[in-house]
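With CSV, C-alpha atoms inside, this is coords_30.csv:
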```
chain,number,residue,atom,x,y,z
A,1,MET,CA,150.3,127.6,80.7
A,2,ALA,CA,149.6,130.7,78.6
A,3,VAL,CA,149.5,128.6,75.4
A,4,ALA,CA,147.1,126.1,77.0
A,5,GLN,CA,144.9,128.9,78.3
A,6,ARG,CA,144.6,130.4,74.8
A,7,SER,CA,143.8,126.9,73.5
A,8,TRP,CA,141.1,126.5,76.0
A,9,ARG,CA,139.6,129.9,75.2
A,10,ARG,CA,139.5,129.1,71.5
A,11,ALA,CA,137.8,125.8,72.1
A,12,GLU,CA,135.4,127.3,74.5
A,13,HIS,CA,134.2,130.2,72.4
A,14,ASN,CA,134.8,129.1,68.8
A,15,PRO,CA,132.4,126.4,67.6
A,16,SER,CA,134.6,125.5,64.7
A,17,THR,CA,137.4,124.5,67.0
A,18,GLU,CA,137.6,120.8,67.7
A,19,VAL,CA,136.7,119.9,71.3
A,20,GLU,CA,137.9,116.7,72.8
A,21,VAL,CA,136.5,117.0,76.4
A,22,SER,CA,133.3,118.5,77.6
A,23,ILE,CA,133.0,119.1,81.4
A,24,VAL,CA,129.3,119.2,82.4
A,25,MET,CA,128.1,120.6,85.7
A,26,PRO,CA,124.4,120.3,86.7
A,27,CYS,CA,123.4,123.4,88.5
A,28,LEU,CA,120.4,124.4,90.7
A,29,ASN,CA,121.2,127.4,92.9
A,30,GLU,CA,124.9,126.7,93.3
A,31,ALA,CA,126.2,130.3,93.4
A,32,GLU,CA,128.2,129.7,96.6
A,33,THR,CA,130.4,127.0,95.0
A,34,LEU,CA,130.0,127.2,91.2
A,35,ALA,CA,132.8,129.7,90.7
A,36,ILE,CA,135.2,127.4,92.6
A,37,CYS,CA,134.3,124.4,90.5
A,38,ILE,CA,134.6,126.3,87.2
A,39,ARG,CA,138.0,127.7,88.2
A,40,LYS,CA,139.3,124.3,89.1
A,41,ALA,CA,138.1,122.9,85.9
A,42,GLN,CA,139.7,125.7,84.0
A,43,GLN,CA,143.0,125.1,85.8
A,44,ALA,CA,142.8,121.4,85.0
A,45,ILE,CA,142.2,122.2,81.3
A,46,GLU,CA,145.3,124.5,81.3
A,47,LYS,CA,147.5,122.1,83.3
A,48,ASP,CA,146.7,119.1,81.2
A,49,GLY,CA,146.6,121.0,77.9
A,50,LEU,CA,143.1,119.8,77.0
A,51,ALA,CA,141.0,121.0,74.1
A,52,ALA,CA,137.9,121.4,76.3
A,53,GLU,CA,134.8,123.2,77.1
A,54,ILE,CA,132.9,123.7,80.3
A,55,ILE,CA,129.1,123.5,80.3
A,56,VAL,CA,126.8,124.6,83.2
A,57,ALA,CA,123.5,122.9,82.8
A,58,ASP,CA,121.2,125.2,84.7
A,59,ASN,CA,117.9,123.8,86.1
A,60,GLY,CA,116.2,127.0,87.0
A,61,SER,CA,118.6,128.7,89.4
A,62,THR,CA,117.4,132.0,91.0
A,63,ASP,CA,120.4,132.8,93.2
A,64,GLY,CA,122.7,134.3,90.6
A,65,SER,CA,124.4,131.1,89.4
A,66,LEU,CA,123.9,132.1,85.8
A,67,ALA,CA,125.7,135.4,86.3
A,68,VAL,CA,128.6,133.6,87.9
A,69,ALA,CA,128.9,131.1,85.0
A,70,ARG,CA,128.7,133.8,82.3
A,71,GLU,CA,131.2,136.0,84.1
A,72,LEU,CA,133.7,133.2,84.0
A,73,GLY,CA,133.1,132.7,80.3
A,74,VAL,CA,131.6,129.1,80.2
A,75,ARG,CA,128.7,127.8,78.2
A,76,VAL,CA,125.3,127.9,79.9
A,77,VAL,CA,122.6,125.5,78.8
A,78,ASP,CA,119.1,126.2,80.1
A,79,VAL,CA,117.2,123.0,81.1
A,80,PRO,CA,113.6,123.8,82.0
A,81,ARG,CA,112.6,120.3,82.9
A,82,LYS,CA,113.3,119.8,86.6
A,83,GLY,CA,115.5,117.1,88.0
A,84,TYR,CA,119.2,116.0,88.4
A,85,GLY,CA,118.9,113.7,85.5
A,86,SER,CA,117.1,116.2,83.3
A,87,ALA,CA,119.9,118.8,83.9
A,88,LEU,CA,122.6,116.3,83.0
A,89,ILE,CA,120.8,115.0,79.9
A,90,GLY,CA,120.4,118.6,78.7
A,91,GLY,CA,124.1,119.4,79.3
A,92,ILE,CA,125.4,116.2,77.8
A,93,GLU,CA,123.3,116.6,74.7
A,94,ALA,CA,124.8,120.1,74.2
A,95,ALA,CA,128.3,118.8,74.7
A,96,ARG,CA,130.6,119.0,71.6
A,97,GLY,CA,133.4,116.8,73.0
A,98,GLU,CA,133.8,113.1,72.2
A,99,LEU,CA,134.7,112.7,75.9
A,100,VAL,CA,132.4,113.9,78.7
A,101,ILE,CA,133.3,114.5,82.3
A,102,MET,CA,130.3,115.1,84.7
A,103,GLY,CA,130.6,116.3,88.2
A,104,ASP,CA,128.5,118.1,90.8
A,105,ALA,CA,128.9,121.9,91.2
A,106,ASP,CA,128.9,121.9,95.0
A,107,ASP,CA,132.7,121.6,95.4
A,108,SER,CA,132.5,118.1,96.8
A,109,TYR,CA,134.6,116.7,93.9
A,110,ASP,CA,138.0,118.1,92.8
A,111,PHE,CA,137.8,119.1,89.2
A,112,LEU,CA,141.6,119.5,89.3
A,113,ALA,CA,141.8,115.7,89.4
A,114,ILE,CA,140.0,114.9,86.1
A,115,ALA,CA,143.2,113.8,84.3
A,116,PRO,CA,142.9,110.1,85.3
A,117,LEU,CA,139.3,110.0,84.0
A,118,VAL,CA,140.4,111.5,80.6
A,119,ALA,CA,143.3,109.1,80.4
A,120,LYS,CA,141.1,106.0,80.9
A,121,LEU,CA,138.6,107.2,78.3
A,122,ARG,CA,141.5,107.7,75.9
A,123,GLU,CA,142.5,104.1,76.5
A,124,GLY,CA,139.2,103.1,75.1
A,125,TYR,CA,136.9,102.7,78.1
A,126,ASP,CA,133.3,103.6,77.5
A,127,LEU,CA,132.5,104.6,81.1
A,128,VAL,CA,134.9,105.6,83.9
A,129,MET,CA,133.5,105.8,87.4
A,130,GLY,CA,135.0,107.4,90.5
A,131,ASN,CA,135.1,105.4,93.7
A,132,ARG,CA,134.9,107.5,96.9
A,133,PHE,CA,135.4,104.5,99.1
A,134,THR,CA,138.8,103.7,97.7
A,135,GLY,CA,139.8,107.4,97.1
A,136,GLY,CA,138.8,108.7,100.5
A,137,ILE,CA,135.8,110.3,102.2
A,138,LYS,CA,136.7,113.3,104.3
A,139,ALA,CA,135.1,113.9,107.7
A,140,GLY,CA,131.6,115.4,107.3
A,141,ALA,CA,131.5,114.7,103.5
A,142,MET,CA,128.9,111.9,103.7
A,143,VAL,CA,126.3,111.1,106.3
A,144,TRP,CA,126.7,107.7,108.0
A,145,SER,CA,123.5,106.3,106.6
A,146,HIS,CA,124.7,106.9,103.0
A,147,ARG,CA,128.3,105.7,103.7
A,148,TRP,CA,127.5,102.5,105.6
A,149,VAL,CA,124.0,101.6,104.5
A,150,GLY,CA,122.6,103.3,101.4
A,151,ASN,CA,125.5,103.3,99.0
A,152,PRO,CA,126.9,99.8,99.9
A,153,VAL,CA,123.4,98.2,99.8
A,154,LEU,CA,122.4,99.7,96.5
A,155,THR,CA,125.8,99.0,95.0
A,156,PHE,CA,125.6,95.3,96.2
A,157,ILE,CA,122.1,94.9,94.7
A,158,SER,CA,123.4,96.3,91.4
A,159,ARG,CA,126.3,93.9,91.4
A,160,VAL,CA,123.9,90.9,92.1
A,161,PHE,CA,121.2,92.0,89.7
A,162,PHE,CA,123.3,93.4,86.8
A,163,HIS,CA,126.9,92.3,87.5
A,164,THR,CA,128.0,95.9,87.5
A,165,PRO,CA,131.8,96.0,87.9
A,166,VAL,CA,131.9,99.0,90.2
A,167,GLY,CA,132.3,99.5,94.0
A,168,ASP,CA,130.6,102.9,94.2
A,169,MET,CA,127.4,103.0,92.1
A,170,HIS,CA,126.5,106.6,92.8
A,171,CYS,CA,129.7,108.6,92.6
A,172,GLY,CA,128.9,112.0,91.0
A,173,LEU,CA,132.2,112.4,89.3
A,174,ARG,CA,132.5,110.1,86.2
A,175,GLY,CA,133.5,110.2,82.6
A,176,PHE,CA,132.2,108.6,79.4
A,177,ARG,CA,132.4,108.6,75.7
A,178,LYS,CA,129.7,110.6,74.0
A,179,ASP,CA,129.1,107.9,71.4
A,180,ALA,CA,128.6,105.3,74.1
A,181,TYR,CA,126.3,107.6,76.0
A,182,ASN,CA,124.1,108.0,72.9
A,183,LYS,CA,123.6,104.2,72.8
A,184,LEU,CA,122.3,104.0,76.3
A,185,HIS,CA,119.2,106.2,75.7
A,186,LEU,CA,119.0,107.4,79.3
A,187,ARG,CA,115.6,108.6,80.4
A,188,ALA,CA,115.7,109.0,84.2
A,189,THR,CA,115.0,112.6,85.2
A,190,GLY,CA,115.9,112.3,88.9
A,191,MET,CA,118.8,111.1,91.0
A,192,GLU,CA,118.3,107.6,89.6
A,193,PHE,CA,120.0,108.8,86.5
A,194,ALA,CA,123.3,107.8,88.1
A,195,SER,CA,122.1,104.2,88.5
A,196,GLU,CA,120.5,104.0,85.0
A,197,MET,CA,123.8,104.9,83.4
A,198,VAL,CA,125.8,102.2,85.1
A,199,ILE,CA,123.1,99.5,84.8
A,200,LYS,CA,122.5,100.1,81.1
A,201,ALA,CA,126.3,100.2,80.4
A,202,SER,CA,126.7,96.9,82.2
A,203,MET,CA,123.8,95.3,80.4
A,204,ARG,CA,125.3,96.3,77.1
A,205,HIS,CA,128.7,94.9,78.2
A,206,MET,CA,130.5,98.2,77.7
A,207,LYS,CA,134.0,98.7,78.9
A,208,ILE,CA,133.8,100.1,82.4
A,209,ALA,CA,136.7,101.2,84.6
A,210,GLU,CA,136.9,102.7,88.1
A,211,ILE,CA,139.4,105.1,89.7
A,212,PRO,CA,139.8,106.4,93.2
A,213,VAL,CA,138.4,109.9,93.9
A,214,THR,CA,138.2,112.0,97.0
A,215,LEU,CA,134.9,113.3,98.4
A,216,SER,CA,135.0,116.5,100.4
A,217,PRO,CA,132.3,118.3,102.4
A,218,ASP,CA,130.4,120.5,100.0
A,219,GLY,CA,130.8,124.2,100.3
A,220,ARG,CA,127.1,125.2,100.4
A,221,SER,CA,125.4,126.7,103.4
A,222,ARG,CA,122.0,125.2,102.5
A,223,PRO,CA,121.0,121.5,102.7
A,224,PRO,CA,121.7,119.3,99.6
A,225,HIS,CA,119.1,118.5,97.0
A,226,LEU,CA,119.4,114.7,97.8
A,227,ARG,CA,116.6,113.3,99.9
A,228,THR,CA,117.8,110.0,101.6
A,229,TRP,CA,114.6,107.9,101.7
A,230,ARG,CA,112.9,109.4,98.6
A,231,ASP,CA,115.9,109.1,96.3
A,232,GLY,CA,117.0,105.8,97.8
A,233,TRP,CA,113.6,104.3,97.1
A,234,ARG,CA,113.7,105.7,93.5
A,235,HIS,CA,117.1,104.0,92.9
A,236,LEU,CA,115.8,100.7,94.3
A,237,ARG,CA,112.6,100.8,92.4
A,238,PHE,CA,114.5,101.5,89.2
A,239,MET,CA,116.7,98.5,89.7
A,240,LEU,CA,113.8,96.2,90.4
A,241,LEU,CA,111.9,97.4,87.3
A,242,PHE,CA,115.0,96.7,85.2
A,243,SER,CA,115.3,93.2,86.6
A,244,PRO,CA,112.0,91.3,86.2
A,245,ARG,CA,113.8,88.1,87.3
A,246,TRP,CA,114.4,89.5,90.8
A,247,LEU,CA,111.1,91.4,90.9
A,248,PHE,CA,108.8,88.6,89.8
A,249,LEU,CA,110.5,85.3,88.9
A,250,TYR,CA,112.6,84.6,91.9
A,251,PRO,CA,110.0,85.7,94.5
A,252,GLY,CA,107.4,83.8,92.6
A,253,LEU,CA,109.6,80.7,92.6
A,254,SER,CA,110.0,81.0,96.3
A,255,LEU,CA,106.3,81.3,97.0
A,256,PHE,CA,105.5,78.5,94.6
A,257,THR,CA,108.0,76.2,96.3
A,258,VAL,CA,106.9,77.0,99.9
A,259,GLY,CA,103.2,76.7,98.8
A,260,LEU,CA,103.8,73.4,97.2
A,261,LEU,CA,105.6,72.0,100.3
A,262,VAL,CA,103.1,73.3,102.7
A,263,GLY,CA,100.2,72.0,100.6
A,264,ALA,CA,101.8,68.5,100.4
A,265,VAL,CA,102.2,68.4,104.2
A,266,LEU,CA,98.7,69.6,105.0
A,267,GLU,CA,97.0,67.3,102.4
A,268,THR,CA,96.8,64.5,104.9
A,269,GLY,CA,95.1,66.7,107.5
A,270,ARG,CA,95.7,69.2,110.3
A,271,LYS,CA,99.3,69.5,111.6
A,272,TYR,CA,100.6,70.9,114.9
A,273,ILE,CA,103.8,72.7,115.9
A,274,GLY,CA,103.6,72.9,119.6
A,275,PRO,CA,100.3,74.7,120.5
A,276,VAL,CA,99.9,76.1,117.0
A,277,SER,CA,97.7,74.3,114.5
A,278,PHE,CA,97.8,74.5,110.7
A,279,ASP,CA,94.7,73.5,108.8
A,280,ILE,CA,92.5,74.6,105.9
A,281,HIS,CA,93.3,78.3,106.1
A,282,THR,CA,97.0,77.6,105.9
A,283,LEU,CA,96.3,75.3,103.0
A,284,LEU,CA,94.4,78.0,101.2
A,285,LEU,CA,97.3,80.4,101.6
A,286,ALA,CA,99.7,77.8,100.3
A,287,GLY,CA,97.4,77.4,97.2
A,288,PHE,CA,97.6,81.2,96.6
A,289,GLY,CA,101.4,80.9,96.8
A,290,THR,CA,101.5,78.3,94.0
A,291,LEU,CA,99.7,80.8,91.7
A,292,ALA,CA,102.6,83.3,91.9
A,293,LEU,CA,104.2,82.1,88.7
A,294,SER,CA,101.2,82.7,86.4
A,295,PRO,CA,102.1,83.7,82.8
A,296,LEU,CA,100.2,87.0,83.3
A,297,ARG,CA,102.6,88.1,86.0
A,298,ARG,CA,105.6,87.2,83.9
A,299,ARG,CA,104.3,89.2,81.0
A,300,ARG,CA,103.7,92.2,83.2
A,301,GLY,CA,107.3,92.0,84.5
A,302,ALA,CA,108.7,91.9,81.0
A,303,ARG,CA,106.6,94.9,80.0
A,304,ALA,CA,107.8,96.8,83.1
A,305,ALA,CA,111.4,96.2,82.2
A,306,ARG,CA,110.9,97.5,78.7
A,307,ALA,CA,109.0,100.6,79.8
```
Show me, as structure tokens, the structure contained in the file I just sent.
Amino acid sequence: MAVAQRSWRRAEHNPSTEVEVSIVMPCLNEAETLAICIRKAQQAIEKDGLAAEIIVADNGSTDGSLAVARELGVRVVDVPRKGYGSALIGGIEAARGELVIMGDADDSYDFLAIAPLVAKLREGYDLVMGNRFTGGIKAGAMVWSHRWVGNPVLTFISRVFFHTPVGDMHCGLRGFRKDAYNKLHLRATGMEFASEMVIKASMRHMKIAEIPVTLSPDGRSRPPHLRTWRDGWRHLRFMLLFSPRWLFLYPGLSLFTVGLLVGAVLETGRKYIGPVSFDIHTLLLAGFGTLALSPLRRRRGARAARA
């Protein structure tokens, strides 16, 4: 252990030393739990004999998080632009390792258990995702709406839209190869960064693996940064904008088909279903429905996907 610890310290503080693994933790006022996460990561580095560095990507903390990180001797990267994605982009860009492990600094993920992530990346996978639903979610670690509605629904949509081969789209503990990450050109500054990574990796047919991870209740006394409805909508909007077929083509085809059928039925005159009559106004709406596949709308959808 002493030899591994000296190896870690040389890799951490000597830029000329080759670093294989960079552990990146986004941080915004995580003084309560940051030290625990750093110490666990350091123990994992020593236990597994990794040539590694730990990077805290600070997003403007005012609670003493910077002092905690520096006291424990890890690299601190200041990221002025606000947002979860911005913090991670800043930290990943500063990483010197060819393999990157990212995880939240709230002690909800166990950095002692990063060895399987590193092993899969060494096997040649480009992205290795944690899966909390197969690894276990401890009591109080995830609110019911996220566990039974939000995560499953968004993961299902991603599998339908983009054929993503994962069962937990938004796990915060994951690993990837730095060269693969550079090919993705990720831009999302908020929580949708997690979706963008998996979606773009799937669209590029990168090698993606998944391992079980355990989610524990975070150790903070304050509420989490995640906002259920705001961030859920941002994830959904992002997926729709990246899939013009589901945003424009398929809804347009449905409206066109319904409009065509209704128009054909009403062409011969007013029709009744019980006491309800359908006449010229219904025919007008059906006509509008057949216009849903105009070339202008298709071009707009293509431009939205490229933006």
message: Please report the interatomic distance between atom CA of A:Ile38 and atom CA of A:Met25 in Å with one decimal.
response: 8.8 Å
task: Determine, counting all atoms listed in the file, which protein, DNA and RNA residues have an atom within 10 Å of an atom of stretch 107-122 of chain A; residues of the same chain fewer than 4 positions away are not included. Present the result as a PyMOL selection string.
output: chain A and resi 20-21+23+30+32-45+47-48+50+98-103+126-130+132+138+141-142+171-177+207-220
task: Measure the distance from atom CA of A:Phe162 to atom CA of A:Ile199 in Å and round it to one decimal.
output: 6.4 Å
- prompt: Can you tell me how far atom CA of A:Leu266 sits from atom CA of A:Tyr250, in Å to one decimal?
  reply: 24.3 Å
Do you know which residues are at most 10 Å from A:Leu186 counting all atoms listed in the file, after dropping those on the same chain fewer than 6 positions away, and could you put them as a CSV table (one decimal) with C-alpha atoms, in the frame of the given file?
```
chain,number,residue,atom,x,y,z
A,85,GLY,CA,118.9,113.7,85.5
A,86,SER,CA,117.1,116.2,83.3
A,89,ILE,CA,120.8,115.0,79.9
A,193,PHE,CA,120.0,108.8,86.5
A,194,ALA,CA,123.3,107.8,88.1
A,196,GLU,CA,120.5,104.0,85.0
A,197,MET,CA,123.8,104.9,83.4
A,200,LYS,CA,122.5,100.1,81.1
```
Selection: 9 Å around A:Glu18, only C-alpha atoms, excl. self and same-chain fewer than 5 positions, as an mmCIF file with C-alpha atoms, in the coordinates of the input:
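The resulting file, result_36.cif, is shown below:
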```
data_model
loop_
_atom_site.group_PDB
_atom_site.id
_atom_site.type_symbol
_atom_site.label_atom_id
_atom_site.label_comp_id
_atom_site.auth_asym_id
_atom_site.auth_seq_id
_atom_site.Cartn_x
_atom_site.Cartn_y
_atom_site.Cartn_z
ATOM 1 C CA ALA A 11 137.800 125.800 72.100
ATOM 2 C CA ALA A 51 141.000 121.000 74.100
ATOM 3 C CA ALA A 52 137.900 121.400 76.300
ATOM 4 C CA ARG A 96 130.600 119.000 71.600
ATOM 5 C CA GLY A 97 133.400 116.800 73.000
#
```
Could you add N, CA and C atoms to stretch 89-125 of chain A and give me the result as an mmCIF file, in the coordinates of the input?
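File written: selection.cif
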```cif
data_model
loop_
_atom_site.group_PDB
_atom_site.id
_atom_site.type_symbol
_atom_site.label_atom_id
_atom_site.label_comp_id
_atom_site.auth_asym_id
_atom_site.auth_seq_id
_atom_site.Cartn_x
_atom_site.Cartn_y
_atom_site.Cartn_z
ATOM 1 N N ILE A 89 121.124 115.408 81.277
ATOM 2 C CA ILE A 89 120.800 115.000 79.900
ATOM 3 C C ILE A 89 120.867 116.273 79.000
ATOM 4 N N GLY A 90 120.334 117.417 79.481
ATOM 5 C CA GLY A 90 120.400 118.600 78.700
ATOM 6 C C GLY A 90 121.832 119.089 78.448
ATOM 7 N N GLY A 91 122.668 119.026 79.478
ATOM 8 C CA GLY A 91 124.100 119.400 79.300
ATOM 9 C C GLY A 91 124.854 118.503 78.446
ATOM 10 N N ILE A 92 124.634 117.206 78.592
ATOM 11 C CA ILE A 92 125.400 116.200 77.800
ATOM 12 C C ILE A 92 124.980 116.309 76.328
ATOM 13 N N GLU A 93 123.700 116.491 76.064
ATOM 14 C CA GLU A 93 123.300 116.600 74.700
ATOM 15 C C GLU A 93 123.874 117.821 73.984
ATOM 16 N N ALA A 94 124.147 118.873 74.763
ATOM 17 C CA ALA A 94 124.800 120.100 74.200
ATOM 18 C C ALA A 94 126.267 119.972 74.059
ATOM 19 N N ALA A 95 126.871 118.936 74.645
ATOM 20 C CA ALA A 95 128.300 118.800 74.700
ATOM 21 C C ALA A 95 128.860 118.539 73.246
ATOM 22 N N ARG A 96 129.975 119.200 72.911
ATOM 23 C CA ARG A 96 130.600 119.000 71.600
ATOM 24 C C ARG A 96 131.792 118.077 71.643
ATOM 25 N N GLY A 97 132.228 117.712 72.833
ATOM 26 C CA GLY A 97 133.400 116.800 73.000
ATOM 27 C C GLY A 97 133.035 115.370 72.795
ATOM 28 N N GLU A 98 134.012 114.580 72.353
ATOM 29 C CA GLU A 98 133.800 113.100 72.200
ATOM 30 C C GLU A 98 133.918 112.465 73.604
ATOM 31 N N LEU A 99 134.568 113.142 74.550
ATOM 32 C CA LEU A 99 134.700 112.700 75.900
ATOM 33 C C LEU A 99 133.939 113.624 76.832
ATOM 34 N N VAL A 100 133.162 113.092 77.774
ATOM 35 C CA VAL A 100 132.400 113.900 78.700
ATOM 36 C C VAL A 100 132.744 113.600 80.118
ATOM 37 N N ILE A 101 133.037 114.629 80.899
ATOM 38 C CA ILE A 101 133.300 114.500 82.300
ATOM 39 C C ILE A 101 132.110 115.199 83.034
ATOM 40 N N MET A 102 131.422 114.514 83.917
ATOM 41 C CA MET A 102 130.300 115.100 84.700
ATOM 42 C C MET A 102 130.679 115.147 86.151
ATOM 43 N N GLY A 103 130.317 116.243 86.813
ATOM 44 C CA GLY A 103 130.600 116.300 88.200
ATOM 45 C C GLY A 103 129.700 117.400 88.871
ATOM 46 N N ASP A 104 129.374 117.216 90.129
ATOM 47 C CA ASP A 104 128.500 118.100 90.800
ATOM 48 C C ASP A 104 129.174 119.486 91.051
ATOM 49 N N ALA A 105 128.348 120.527 91.098
ATOM 50 C CA ALA A 105 128.900 121.900 91.200
ATOM 51 C C ALA A 105 128.851 122.391 92.664
ATOM 52 N N ASP A 106 128.964 121.466 93.631
ATOM 53 C CA ASP A 106 128.900 121.900 95.000
ATOM 54 C C ASP A 106 130.307 121.812 95.707
ATOM 55 N N ASP A 107 131.357 121.619 94.903
ATOM 56 C CA ASP A 107 132.700 121.600 95.400
ATOM 57 C C ASP A 107 133.035 120.352 96.245
ATOM 58 N N SER A 108 132.226 119.306 96.116
ATOM 59 C CA SER A 108 132.500 118.100 96.800
ATOM 60 C C SER A 108 133.518 117.202 96.074
ATOM 61 N N TYR A 109 133.634 117.431 94.761
ATOM 62 C CA TYR A 109 134.600 116.700 93.900
ATOM 63 C C TYR A 109 135.638 117.713 93.405
ATOM 64 N N ASP A 110 136.859 117.247 93.258
ATOM 65 C CA ASP A 110 138.000 118.100 92.800
ATOM 66 C C ASP A 110 138.123 118.020 91.317
ATOM 67 N N PHE A 111 137.704 119.065 90.604
ATOM 68 C CA PHE A 111 137.800 119.100 89.200
ATOM 69 C C PHE A 111 139.289 119.209 88.705
ATOM 70 N N LEU A 112 140.185 119.510 89.619
ATOM 71 C CA LEU A 112 141.600 119.500 89.300
ATOM 72 C C LEU A 112 142.119 118.110 88.991
ATOM 73 N N ALA A 113 141.368 117.105 89.452
ATOM 74 C CA ALA A 113 141.800 115.700 89.400
ATOM 75 C C ALA A 113 141.100 114.924 88.297
ATOM 76 N N ILE A 114 140.759 115.561 87.174
ATOM 77 C CA ILE A 114 140.000 114.900 86.100
ATOM 78 C C ILE A 114 140.943 114.133 85.139
ATOM 79 N N ALA A 115 142.251 114.371 85.222
ATOM 80 C CA ALA A 115 143.200 113.800 84.300
ATOM 81 C C ALA A 115 143.086 112.247 84.207
ATOM 82 N N PRO A 116 142.980 111.530 85.351
ATOM 83 C CA PRO A 116 142.900 110.100 85.300
ATOM 84 C C PRO A 116 141.599 109.609 84.540
ATOM 85 N N LEU A 117 140.506 110.357 84.688
ATOM 86 C CA LEU A 117 139.300 110.000 84.000
ATOM 87 C C LEU A 117 139.504 110.120 82.462
ATOM 88 N N VAL A 118 140.099 111.242 82.046
ATOM 89 C CA VAL A 118 140.400 111.500 80.600
ATOM 90 C C VAL A 118 141.317 110.391 80.086
ATOM 91 N N ALA A 119 142.327 110.048 80.866
ATOM 92 C CA ALA A 119 143.300 109.100 80.400
ATOM 93 C C ALA A 119 142.660 107.696 80.184
ATOM 94 N N LYS A 120 141.788 107.279 81.094
ATOM 95 C CA LYS A 120 141.100 106.000 80.900
ATOM 96 C C LYS A 120 140.191 106.004 79.712
ATOM 97 N N LEU A 121 139.497 107.112 79.478
ATOM 98 C CA LEU A 121 138.600 107.200 78.300
ATOM 99 C C LEU A 121 139.459 107.140 77.022
ATOM 100 N N ARG A 122 140.626 107.770 77.031
ATOM 101 C CA ARG A 122 141.500 107.700 75.900
ATOM 102 C C ARG A 122 142.016 106.296 75.614
ATOM 103 N N GLU A 123 142.083 105.493 76.678
ATOM 104 C CA GLU A 123 142.500 104.100 76.500
ATOM 105 C C GLU A 123 141.441 103.256 75.831
ATOM 106 N N GLY A 124 140.222 103.781 75.755
ATOM 107 C CA GLY A 124 139.200 103.100 75.100
ATOM 108 C C GLY A 124 138.005 102.619 75.946
ATOM 109 N N TYR A 125 138.031 102.993 77.226
ATOM 110 C CA TYR A 125 136.900 102.700 78.100
ATOM 111 C C TYR A 125 135.700 103.517 77.727
#
```
